[in-house]
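Asks: Next up is a structure, given as structure tokens.
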Amino acid sequence: AEFLSHASGLDWILIDMEHGPSELNDVLLQLMAAQTGKAEPMVRIPWNEPVLVKRLLDIGCQSLLFPMVNTAAEAKAAVAATRYPPQGIRGVMTTARMSNYGASLETYYKEAGDQICCIVQIETPEAVDNIEEIAAVEGVDGLFVGPADLAATMGHLGNSQHPEVRAKIEDAFKRIKATGKASGFISYEEDNKWVLKMGCNFCALGTDLSMLTGAVRSKTAEFHEFCKTLDK
């Protein structure tokens with residue numbers, strides 16, 4: 001997290017609690033390492049669940065990605081979890097990392113809602129159908145299209161390249177763009193370029209594991225070929 005935030009050139013990084021092994025204390029350490037750098041750390045929570053959201057915000061998380069948001073009601077619930085009453089349901093903590101352990105508490109209470117970034121994931125045909133209503137929810141800052149789960153929920157598990165899935169992705173981006181909200185995506189190089197041309201605002205270029213294994217396999221293959229040229 002420290003390297004990626006400080007020296008990678010990335011604009012943002014994702015700390016994944018949905019499909020990754022990170023728990024709350026792991027996220028705390030990653031936030032402490034990343035938040036002094038240049039890339040904004042965004043945390044993807046396992047589910048749209050307010051108790052974990054509250055705890056993440058209390059340790060200083062400012063950008064959250066909510067998975068599987070299918071309706072405006074679910075989007076409203078996500079936003080409410082990030083806002084203090086009367087705008088939301090977030091529980092009130094005083095001395096914690098989010099307010100510099102109380103040093104900036106009065107300012108934090110007033111400004112926290114405006115500083116928190118709330119991104120919801122569009123991962124089902126139902127969610128695509130409801131994009132306009134989801135985007136209209138006050139406090140939703142962006143909609144992030146997830147191709148893998150979208151493909152699965154369309155009956156094409158493991159095949160986000162299926163023509164029906166690609167057509168649905170294209171439809172999603174057209175609709176998000178029309179709402180004026182920011183849009184995001186995760187895939188590999190060519191698909192990221194494809195959606196960026198459609199107006200996507202931010203992309204995840206891959207995962208740490210995919211980038212690491214890809215680089216190692218490429219370098220290993222290169223040296224295996226080189227070794228074949230050596231005299232035995």
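Chain lettering (A, B, ...) mirrors the order of the structure tokens, residue numbering begins at 1 for each chain separately, and ligand numbering begins at 1 in order of display.
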According to DSSP computed on the backbone, where in range 95-141 of chain A is there helix (DSSP H, G or I)? Give the residues as a list of chain:residue names.
Replies: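 Answer for range 95-141 of chain A, restricted to helix (DSSP H, G or I): A:Arg97, A:Met98, A:Ser99, A:Leu105, A:Glu106, A:Thr107, A:Tyr108, A:Tyr109, A:Lys110, A:Glu111, A:Ala112, A:Gly113, A:Asp114, A:Gln115, A:Pro125, A:Glu126, A:Ala127, A:Val128, A:Asp129, A:Ile131, A:Glu132, A:Glu133, A:Ile134, A:Ala135.
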Asks: Tell me, as a list in words, which residues lie within 7 Å of range 55-62 of chain A, counting only C-alpha atoms; anything in the same chain fewer than 5 positions away does not count.
Replies: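 Answer for this query is Leu28, Ala96, Arg97, Met98, Gln115, Ile116 and Cys117 of chain A.
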Asks: Using only C-alpha atoms, can you tell me which of A:Pro163, A:Gly142, A:Gly37, A:Gly113 comes closest to Arg83 in chain A?
Replies: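 Checking each of A:Pro163, A:Gly142, A:Gly37, A:Gly113 against Arg83 in chain A, counting only C-alpha atoms, the winner is A:Gly113.
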Asks: Smallest atom-to-atom distance to Cys200 in chain A: which of A:Ala221, A:Leu4, A:Ile169, A:Ala78, using only C-alpha atoms?
Replies: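 Going through A:Ala221, A:Leu4, A:Ile169, A:Ala78 one by one, the smallest distance to Cys200 in chain A is for A:Ile169.
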Asks: Provide the CA of Ile134 in chain A to CA of Gln87 in chain A distance in Å, to one decimal place.
Replies: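 Value for the CA of Ile134 in chain A-CA of Gln87 in chain A distance: 17.4 Å.
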Asks: What's the 8 Å shell around Ile131 in chain A, counting only C-alpha atoms, without same-chain residues fewer than 5 positions away, as a ChimeraX atom specification?
Replies: /A:122,172,175-176
Asks: So which bits of range 83-221 of chain A end up strand (DSSP E or B) when you DSSP the backbone, as a count of residues only?
Replies: 18
Asks: Residues at most 9 Å from Thr36 in chain A, counting only C-alpha atoms, excluding those fewer than 2 positions away in the same chain, as a PyMOL selection string?
Replies: chain A and resi 2+5-6+31-34+38-39
Asks: Counting only C-alpha atoms, which of A:Leu230, A:Ala152, A:Cys118, A:Met93 gets nearest to Val79 in chain A?
Replies: A:Cys118
Asks: Counting only C-alpha atoms, what is within 9 Å of Met198 in chain A, bar same-chain residues fewer than 5 positions away, as a PyMOL selection string?
Replies: chain A and resi 170+173-174+177+193
Asks: Between A:Glu126, A:Asp171, A:Asp114, A:Glu132, which one has atoms that come closest to Met154 in chain A, using only C-alpha atoms?
Replies: A:Glu126
Asks: List as a list in words the protein and nucleic acid residues near Met17 in chain A, meaning an atom at most 12 Å away when only C-alpha atoms are counted, but skip any in the same chain fewer than 4 places from it.
Replies: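 These residues fall inside the cut-off: Pro21, Ser22, Glu23, Leu24, Asn25, Asp26, Val27, Leu28, Gln30, Met42, Val43, Arg44, Ile45, Pro46, Trp47, Asn48, Leu52, Val53, Leu56, Leu64, Leu65, Phe66 and Pro67 of chain A.
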Asks: With N, CA and C atoms retained, export the selected residues as a PDB file, in the first residue's frame.
Replies:
ATOM      1  N   PRO A  21      -8.221 -10.745   1.672  1.00  0.00           N
ATOM      2  CA  PRO A  21      -8.184 -11.255   3.048  1.00  0.00           C
ATOM      3  C   PRO A  21      -8.118 -10.173   4.119  1.00  0.00           C
ATOM      4  N   SER A  22      -8.146  -8.895   3.738  1.00  0.00           N
ATOM      5  CA  SER A  22      -7.973  -7.822   4.717  1.00  0.00           C
ATOM      6  C   SER A  22      -9.130  -7.756   5.715  1.00  0.00           C
ATOM      7  N   GLU A  23      -8.783  -7.649   6.982  1.00  0.00           N
ATOM      8  CA  GLU A  23      -9.749  -7.381   8.040  1.00  0.00           C
ATOM      9  C   GLU A  23      -9.515  -5.952   8.541  1.00  0.00           C
ATOM     10  N   LEU A  24     -10.275  -5.533   9.545  1.00  0.00           N
ATOM     11  CA  LEU A  24     -10.273  -4.134   9.950  1.00  0.00           C
ATOM     12  C   LEU A  24      -8.884  -3.638  10.323  1.00  0.00           C
ATOM     13  N   ASN A  25      -8.142  -4.408  11.119  1.00  0.00           N
ATOM     14  CA  ASN A  25      -6.815  -3.951  11.520  1.00  0.00           C
ATOM     15  C   ASN A  25      -5.859  -3.918  10.339  1.00  0.00           C
ATOM     16  N   ASP A  26      -6.012  -4.850   9.402  1.00  0.00           N
ATOM     17  CA  ASP A  26      -5.196  -4.820   8.188  1.00  0.00           C
ATOM     18  C   ASP A  26      -5.461  -3.535   7.407  1.00  0.00           C
ATOM     19  N   VAL A  27      -6.729  -3.172   7.303  1.00  0.00           N
ATOM     20  CA  VAL A  27      -7.096  -1.951   6.582  1.00  0.00           C
ATOM     21  C   VAL A  27      -6.512  -0.731   7.278  1.00  0.00           C
ATOM     22  N   LEU A  28      -6.561  -0.702   8.596  1.00  0.00           N
ATOM     23  CA  LEU A  28      -5.983   0.409   9.341  1.00  0.00           C
ATOM     24  C   LEU A  28      -4.512   0.601   8.980  1.00  0.00           C
ATOM     25  N   GLN A  30      -2.929  -0.408   6.315  1.00  0.00           N
ATOM     26  CA  GLN A  30      -2.786  -0.002   4.922  1.00  0.00           C
ATOM     27  C   GLN A  30      -3.156   1.472   4.737  1.00  0.00           C
ATOM     28  N   MET A  42      -9.090   3.590  -1.606  1.00  0.00           N
ATOM     29  CA  MET A  42     -10.518   3.314  -1.510  1.00  0.00           C
ATOM     30  C   MET A  42     -10.700   1.920  -0.933  1.00  0.00           C
ATOM     31  N   VAL A  43     -11.627   1.766  -0.008  1.00  0.00           N
ATOM     32  CA  VAL A  43     -11.876   0.467   0.621  1.00  0.00           C
ATOM     33  C   VAL A  43     -13.176  -0.110   0.076  1.00  0.00           C
ATOM     34  N   ARG A  44     -13.095  -1.328  -0.470  1.00  0.00           N
ATOM     35  CA  ARG A  44     -14.314  -2.039  -0.859  1.00  0.00           C
ATOM     36  C   ARG A  44     -14.744  -2.921   0.306  1.00  0.00           C
ATOM     37  N   ILE A  45     -15.937  -2.634   0.820  1.00  0.00           N
ATOM     38  CA  ILE A  45     -16.436  -3.390   1.964  1.00  0.00           C
ATOM     39  C   ILE A  45     -17.033  -4.719   1.484  1.00  0.00           C
ATOM     40  N   PRO A  46     -17.147  -5.708   2.375  1.00  0.00           N
ATOM     41  CA  PRO A  46     -17.685  -7.005   1.944  1.00  0.00           C
ATOM     42  C   PRO A  46     -19.145  -6.953   1.519  1.00  0.00           C
ATOM     43  N   TRP A  47     -19.914  -6.045   2.158  1.00  0.00           N
ATOM     44  CA  TRP A  47     -21.350  -5.970   1.881  1.00  0.00           C
ATOM     45  C   TRP A  47     -21.847  -4.597   2.314  1.00  0.00           C
ATOM     46  N   ASN A  48     -23.015  -4.241   1.844  1.00  0.00           N
ATOM     47  CA  ASN A  48     -23.631  -2.959   2.184  1.00  0.00           C
ATOM     48  C   ASN A  48     -24.200  -3.061   3.598  1.00  0.00           C
ATOM     49  N   LEU A  52     -19.873  -2.202   9.795  1.00  0.00           N
ATOM     50  CA  LEU A  52     -18.506  -2.177   9.299  1.00  0.00           C
ATOM     51  C   LEU A  52     -18.163  -0.813   8.696  1.00  0.00           C
ATOM     52  N   VAL A  53     -19.114  -0.201   8.011  1.00  0.00           N
ATOM     53  CA  VAL A  53     -18.881   1.141   7.456  1.00  0.00           C
ATOM     54  C   VAL A  53     -18.498   2.107   8.573  1.00  0.00           C
ATOM     55  N   LEU A  56     -14.945   1.479   9.738  1.00  0.00           N
ATOM     56  CA  LEU A  56     -13.971   1.921   8.746  1.00  0.00           C
ATOM     57  C   LEU A  56     -13.821   3.438   8.741  1.00  0.00           C
ATOM     58  N   LEU A  64     -15.199   4.856  -0.019  1.00  0.00           N
ATOM     59  CA  LEU A  64     -15.770   3.523   0.138  1.00  0.00           C
ATOM     60  C   LEU A  64     -16.418   3.052  -1.152  1.00  0.00           C
ATOM     61  N   LEU A  65     -16.239   1.763  -1.445  1.00  0.00           N
ATOM     62  CA  LEU A  65     -16.875   1.122  -2.596  1.00  0.00           C
ATOM     63  C   LEU A  65     -17.841   0.066  -2.063  1.00  0.00           C
ATOM     64  N   PHE A  66     -19.124   0.239  -2.374  1.00  0.00           N
ATOM     65  CA  PHE A  66     -20.176  -0.655  -1.899  1.00  0.00           C
ATOM     66  C   PHE A  66     -20.533  -1.656  -2.991  1.00  0.00           C
ATOM     67  N   PRO A  67     -20.382  -2.970  -2.752  1.00  0.00           N
ATOM     68  CA  PRO A  67     -20.702  -3.960  -3.782  1.00  0.00           C
ATOM     69  C   PRO A  67     -22.194  -4.230  -3.892  1.00  0.00           C
TER      70      PRO A  67
END
Asks: For CA of Ala72 in chain A and CA of Ala167 in chain A, determine how far apart the two atoms are, in Å to one decimal place.
Replies: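 Taking CA of Ala72 in chain A and CA of Ala167 in chain A, their separation equals 22.9 Å.
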Asks: In Å, how far is it from CA of Phe144 in chain A to CA of His19 in chain A?
Replies: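 So the answer is 16.0 Å.
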